[in-house]
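Enquirer: Got a structure for you, data.cif, holding mmCIF, C-alpha atoms, pLDDT in the B column; chains and numbers go by the auth columns.
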data_run
loop_
_atom_site.group_PDB
_atom_site.id
_atom_site.type_symbol
_atom_site.label_atom_id
_atom_site.label_comp_id
_atom_site.label_asym_id
_atom_site.label_seq_id
_atom_site.Cartn_x
_atom_site.Cartn_y
_atom_site.Cartn_z
_atom_site.B_iso_or_equiv
_atom_site.auth_seq_id
_atom_site.auth_asym_id
ATOM 1 C CA MET A 1 1.360 7.922 -24.474 48.00 1 A
ATOM 2 C CA SER A 2 4.845 8.508 -25.864 55.00 2 A
ATOM 3 C CA THR A 3 5.264 9.800 -29.422 71.00 3 A
ATOM 4 C CA THR A 4 8.574 7.974 -29.857 83.00 4 A
ATOM 5 C CA PRO A 5 8.919 4.259 -30.580 90.00 5 A
ATOM 6 C CA PHE A 6 11.942 4.155 -28.251 94.00 6 A
ATOM 7 C CA ALA A 7 11.547 2.831 -24.718 96.00 7 A
ATOM 8 C CA GLN A 8 12.470 5.384 -22.074 95.00 8 A
ATOM 9 C CA THR A 9 15.100 3.408 -20.165 96.00 9 A
ATOM 10 C CA PRO A 10 17.131 4.497 -17.135 96.00 10 A
ATOM 11 C CA GLN A 11 20.899 4.621 -16.944 97.00 11 A
ATOM 12 C CA PRO A 12 22.379 1.087 -17.029 98.00 12 A
ATOM 13 C CA PRO A 13 22.588 -1.474 -15.694 98.00 13 A
ATOM 14 C CA TYR A 14 19.245 -3.035 -16.579 98.00 14 A
ATOM 15 C CA TYR A 15 18.149 -6.162 -18.442 98.00 15 A
ATOM 16 C CA ILE A 16 16.820 -6.873 -21.919 98.00 16 A
ATOM 17 C CA VAL A 17 14.683 -9.756 -23.135 98.00 17 A
ATOM 18 C CA ALA A 18 15.040 -9.792 -26.927 98.00 18 A
ATOM 19 C CA PHE A 19 12.328 -11.831 -28.669 98.00 19 A
ATOM 20 C CA SER A 20 12.860 -12.428 -32.396 98.00 20 A
ATOM 21 C CA SER A 21 10.242 -14.324 -34.358 98.00 21 A
ATOM 22 C CA VAL A 22 8.857 -15.310 -37.731 98.00 22 A
ATOM 23 C CA ARG A 23 5.061 -15.308 -37.835 96.00 23 A
ATOM 24 C CA THR A 24 2.768 -17.825 -39.443 95.00 24 A
ATOM 25 C CA GLU A 25 0.328 -16.534 -42.066 94.00 25 A
ATOM 26 C CA GLY A 26 -2.931 -15.026 -40.893 93.00 26 A
ATOM 27 C CA ASP A 27 -3.786 -13.262 -37.652 93.00 27 A
ATOM 28 C CA HIS A 28 -5.600 -16.029 -35.728 94.00 28 A
ATOM 29 C CA GLY A 29 -6.044 -13.683 -32.759 95.00 29 A
ATOM 30 C CA TYR A 30 -2.390 -12.644 -32.676 95.00 30 A
ATOM 31 C CA GLY A 31 -2.931 -8.878 -32.907 94.00 31 A
ATOM 32 C CA ASN A 32 -5.260 -8.752 -29.930 96.00 32 A
ATOM 33 C CA MET A 33 -3.056 -11.022 -27.836 96.00 33 A
ATOM 34 C CA ALA A 34 0.103 -9.071 -28.706 96.00 34 A
ATOM 35 C CA ALA A 35 -1.541 -5.818 -27.595 96.00 35 A
ATOM 36 C CA GLU A 36 -2.823 -7.456 -24.402 97.00 36 A
ATOM 37 C CA MET A 37 0.609 -8.897 -23.584 97.00 37 A
ATOM 38 C CA GLU A 38 2.338 -5.548 -24.113 97.00 38 A
ATOM 39 C CA GLU A 39 -0.125 -3.809 -21.801 97.00 39 A
ATOM 40 C CA LEU A 40 0.208 -6.579 -19.225 97.00 40 A
ATOM 41 C CA ALA A 41 4.012 -6.563 -19.348 98.00 41 A
ATOM 42 C CA LEU A 42 4.141 -2.801 -18.874 97.00 42 A
ATOM 43 C CA ARG A 43 2.055 -3.193 -15.699 97.00 43 A
ATOM 44 C CA GLN A 44 4.439 -5.804 -14.269 97.00 44 A
ATOM 45 C CA ALA A 45 6.805 -4.809 -11.498 97.00 45 A
ATOM 46 C CA GLY A 46 10.244 -4.276 -13.007 98.00 46 A
ATOM 47 C CA CYS A 47 9.211 -3.666 -16.632 98.00 47 A
ATOM 48 C CA ILE A 48 10.690 -0.357 -17.767 97.00 48 A
ATOM 49 C CA GLY A 49 9.798 -0.333 -21.457 97.00 49 A
ATOM 50 C CA ILE A 50 9.125 -2.208 -24.684 98.00 50 A
ATOM 51 C CA GLU A 51 10.122 -1.640 -28.313 97.00 51 A
ATOM 52 C CA SER A 52 8.580 -3.771 -31.049 96.00 52 A
ATOM 53 C CA VAL A 53 8.651 -3.939 -34.852 96.00 53 A
ATOM 54 C CA ARG A 54 7.451 -6.422 -37.469 94.00 54 A
ATOM 55 C CA GLY A 55 8.266 -6.462 -41.158 95.00 55 A
ATOM 56 C CA ALA A 56 5.929 -7.330 -44.010 93.00 56 A
ATOM 57 C CA ASP A 57 7.796 -10.641 -44.324 94.00 57 A
ATOM 58 C CA GLY A 58 6.609 -11.706 -40.849 91.00 58 A
ATOM 59 C CA PHE A 59 9.959 -11.241 -39.084 97.00 59 A
ATOM 60 C CA GLY A 60 9.701 -9.237 -35.892 97.00 60 A
ATOM 61 C CA ILE A 61 11.727 -8.176 -32.878 98.00 61 A
ATOM 62 C CA THR A 62 10.412 -7.163 -29.485 97.00 62 A
ATOM 63 C CA ASN A 63 12.810 -5.847 -26.862 98.00 63 A
ATOM 64 C CA ALA A 64 11.480 -5.678 -23.318 98.00 64 A
ATOM 65 C CA TYR A 65 13.583 -3.904 -20.695 98.00 65 A
ATOM 66 C CA TRP A 66 13.584 -4.943 -17.041 98.00 66 A
ATOM 67 C CA THR A 67 15.114 -3.768 -13.793 98.00 67 A
ATOM 68 C CA ASP A 68 16.186 -7.226 -12.593 98.00 68 A
ATOM 69 C CA GLU A 69 16.176 -10.945 -13.350 98.00 69 A
ATOM 70 C CA GLN A 70 13.496 -11.713 -10.755 98.00 70 A
ATOM 71 C CA SER A 71 11.049 -9.485 -12.651 98.00 71 A
ATOM 72 C CA ILE A 72 11.863 -11.309 -15.895 98.00 72 A
ATOM 73 C CA ILE A 73 11.224 -14.680 -14.251 98.00 73 A
ATOM 74 C CA ALA A 74 7.942 -13.440 -12.755 98.00 74 A
ATOM 75 C CA TRP A 75 6.847 -12.238 -16.214 98.00 75 A
ATOM 76 C CA LYS A 76 7.816 -15.508 -17.888 97.00 76 A
ATOM 77 C CA ASN A 77 5.700 -17.375 -15.324 98.00 77 A
ATOM 78 C CA ASP A 78 2.656 -15.056 -15.361 97.00 78 A
ATOM 79 C CA VAL A 79 -0.365 -17.291 -15.994 98.00 79 A
ATOM 80 C CA ARG A 80 -1.736 -15.095 -18.824 97.00 80 A
ATOM 81 C CA HIS A 81 1.714 -14.888 -20.411 98.00 81 A
ATOM 82 C CA LEU A 82 2.089 -18.684 -20.153 98.00 82 A
ATOM 83 C CA ALA A 83 -1.177 -19.066 -22.099 97.00 83 A
ATOM 84 C CA ALA A 84 0.068 -16.648 -24.785 97.00 84 A
ATOM 85 C CA GLN A 85 3.373 -18.533 -25.008 97.00 85 A
ATOM 86 C CA ARG A 86 1.507 -21.802 -25.581 98.00 86 A
ATOM 87 C CA LEU A 87 -0.646 -20.240 -28.301 97.00 87 A
ATOM 88 C CA GLY A 88 2.468 -18.740 -29.873 97.00 88 A
ATOM 89 C CA ARG A 89 4.050 -22.175 -30.216 97.00 89 A
ATOM 90 C CA GLU A 90 0.790 -23.710 -31.487 96.00 90 A
ATOM 91 C CA ARG A 91 -0.484 -20.965 -33.845 96.00 91 A
ATOM 92 C CA TRP A 92 1.553 -17.838 -34.352 96.00 92 A
ATOM 93 C CA TYR A 93 5.261 -18.541 -34.732 97.00 93 A
ATOM 94 C CA GLU A 94 7.141 -20.528 -37.351 97.00 94 A
ATOM 95 C CA HIS A 95 10.309 -19.890 -35.343 97.00 95 A
ATOM 96 C CA TYR A 96 11.377 -17.740 -32.415 97.00 96 A
ATOM 97 C CA GLN A 97 14.435 -16.988 -30.313 98.00 97 A
ATOM 98 C CA VAL A 98 14.573 -15.475 -26.845 98.00 98 A
ATOM 99 C CA ARG A 99 17.758 -13.850 -25.612 98.00 99 A
ATOM 100 C CA VAL A 100 18.236 -12.349 -22.153 98.00 100 A
ATOM 101 C CA GLY A 101 21.094 -9.998 -21.399 98.00 101 A
ATOM 102 C CA LEU A 102 22.412 -7.343 -19.082 98.00 102 A
ATOM 103 C CA ILE A 103 22.694 -3.864 -20.584 98.00 103 A
ATOM 104 C CA GLU A 104 25.919 -2.351 -19.311 98.00 104 A
ATOM 105 C CA ARG A 105 26.150 0.675 -21.637 98.00 105 A
ATOM 106 C CA ALA A 106 23.553 2.595 -23.586 97.00 106 A
ATOM 107 C CA TYR A 107 23.836 5.728 -25.709 95.00 107 A
ATOM 108 C CA GLY A 108 22.190 7.410 -28.657 94.00 108 A
ATOM 109 C CA SER A 109 21.842 10.620 -30.602 93.00 109 A
ATOM 110 C CA ASP A 110 19.063 12.909 -31.804 89.00 110 A
ATOM 111 C CA ARG A 111 19.528 14.895 -35.000 88.00 111 A
ATOM 112 C CA ALA A 112 17.247 17.632 -33.649 78.00 112 A
#
Translate this structure into C-alpha cells?
Expert:
Amino acid sequence: MSTTPFAQTPQPPYYIVAFSSVRTEGDHGYGNMAAEMEELALRQAGCIGIESVRGADGFGITNAYWTDEQSIIAWKNDVRHLAAQRLGRERWYEHYQVRVGLIERAYGSDRA
C-alpha cells in the first residue's frame, strides 16, 4: 500500500472523474460502502488511481483517474456501484456534483 495520498498516475492524457459532495449527518453504513467502492473501483479495468478527502464539515472530494471513457462508463454502470449510487442519493448526500474531464497536463513538486 502506498504511503502517499497521491494517486500514481501515468503521463497524460488520461481522464478524471471528480466527485464533490456534502454528506448527511451520521454514518448509516457510508464508511463501509465508501471503502468497498474504492476497492472495487481500483480493481476495474482502466482505473489508475483514486484520491479522496473529507472535511469535518461533511464536504468531500474524490478524484478517480481512468485510462479511457469506456472504463468510466463501465464503472458508472457496475451493478454494485449502481446500488451505492442509489443509497447515496437516498441516505448519504445532501448534494453532490460529478465532473468528468480529460487531463492533458500534469505536474508537481516534492520539497524533499
Enquirer: Can you work out which one of A:Val22, A:Ile103, A:Ile61, A:Ala74 has the shortest atom-to-atom distance to Ala41 of chain A, counting only C-alpha atoms?
Expert: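 Under the stated criterion, the closest residue is A:Ala74.
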Enquirer: Using only C-alpha atoms, find the one residue out of A:Phe19, A:Gln85, A:Thr3, A:Ala112 that sits nearest to Thr62 of chain A.
Expert: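 Of the candidates, the smallest distance to Thr62 of chain A is held by A:Phe19.
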Enquirer: For the file shown, what are the residues hit by the PyMOL selection byres ((chain A and resi 11) around 9), laid out as a PyMOL selection string?
Expert: chain A and resi 9-10+12-14+104-106
Enquirer: In Å, rounded to a single decimal, give me how far atom CA of Gly29 of chain A is from atom CA of Phe59 of chain A.
Expert: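 Computed distance, atom CA of Phe59 of chain A to atom CA of Gly29 of chain A, equals 17.4 Å.
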Enquirer: What's the 12 Å shell around Val17 of chain A, counting only C-alpha atoms, without same-chain residues fewer than 6 positions away, as a VMD selection string?
Expert: chain A and resid 41 47 to 52 61 to 69 71 to 73 75 to 76 97 to 103
Enquirer: Neighbouring residues of Arg23 of chain A were defined as those with any atom within 10 Å, considering all atoms listed in the file; residues of the same chain fewer than 2 positions away were excluded. Please report them as a list of chain:residue names.
Expert: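 Using all atoms listed in the file, the neighbours found are A:Ser20, A:Ser21, A:Glu25, A:Gly26, A:Asp27, A:Tyr30, A:Arg54, A:Gly55, A:Asp57, A:Gly58, A:Phe59, A:Gly60, A:Gly88, A:Arg91, A:Trp92, A:Tyr93, A:Glu94, A:His95, A:Tyr96.
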Enquirer: Let's have the selection written as a PDB file, keeping the file's coordinate frame, with C-alpha atoms.
Expert:
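Output contents, as saved in again_20.pdb:
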ATOM      1  CA  SER A  20      12.860 -12.428 -32.396  1.00 98.00           C
ATOM      2  CA  SER A  21      10.242 -14.324 -34.358  1.00 98.00           C
ATOM      3  CA  GLU A  25       0.328 -16.534 -42.066  1.00 94.00           C
ATOM      4  CA  GLY A  26      -2.931 -15.026 -40.893  1.00 93.00           C
ATOM      5  CA  ASP A  27      -3.786 -13.262 -37.652  1.00 93.00           C
ATOM      6  CA  TYR A  30      -2.390 -12.644 -32.676  1.00 95.00           C
ATOM      7  CA  ARG A  54       7.451  -6.422 -37.469  1.00 94.00           C
ATOM      8  CA  GLY A  55       8.266  -6.462 -41.158  1.00 95.00           C
ATOM      9  CA  ASP A  57       7.796 -10.641 -44.324  1.00 94.00           C
ATOM     10  CA  GLY A  58       6.609 -11.706 -40.849  1.00 91.00           C
ATOM     11  CA  PHE A  59       9.959 -11.241 -39.084  1.00 97.00           C
ATOM     12  CA  GLY A  60       9.701  -9.237 -35.892  1.00 97.00           C
ATOM     13  CA  GLY A  88       2.468 -18.740 -29.873  1.00 97.00           C
ATOM     14  CA  ARG A  91      -0.484 -20.965 -33.845  1.00 96.00           C
ATOM     15  CA  TRP A  92       1.553 -17.838 -34.352  1.00 96.00           C
ATOM     16  CA  TYR A  93       5.261 -18.541 -34.732  1.00 97.00           C
ATOM     17  CA  GLU A  94       7.141 -20.528 -37.351  1.00 97.00           C
ATOM     18  CA  HIS A  95      10.309 -19.890 -35.343  1.00 97.00           C
ATOM     19  CA  TYR A  96      11.377 -17.740 -32.415  1.00 97.00           C
TER      20      TYR A  96
END
Enquirer: Looking at A:Ser109, A:Ile16, A:Thr4, A:Val53, which one is nearest to Ala34 of chain A, with distances taken over all atoms listed in the file?
Expert: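 Closest to Ala34 of chain A of all the choices is A:Val53.
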Enquirer: I'd like the interatomic distance between atom CA of Gln70 of chain A and atom CA of Gln44 of chain A, to a tenth of an Å.
Expert: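 So the answer is 11.4 Å.
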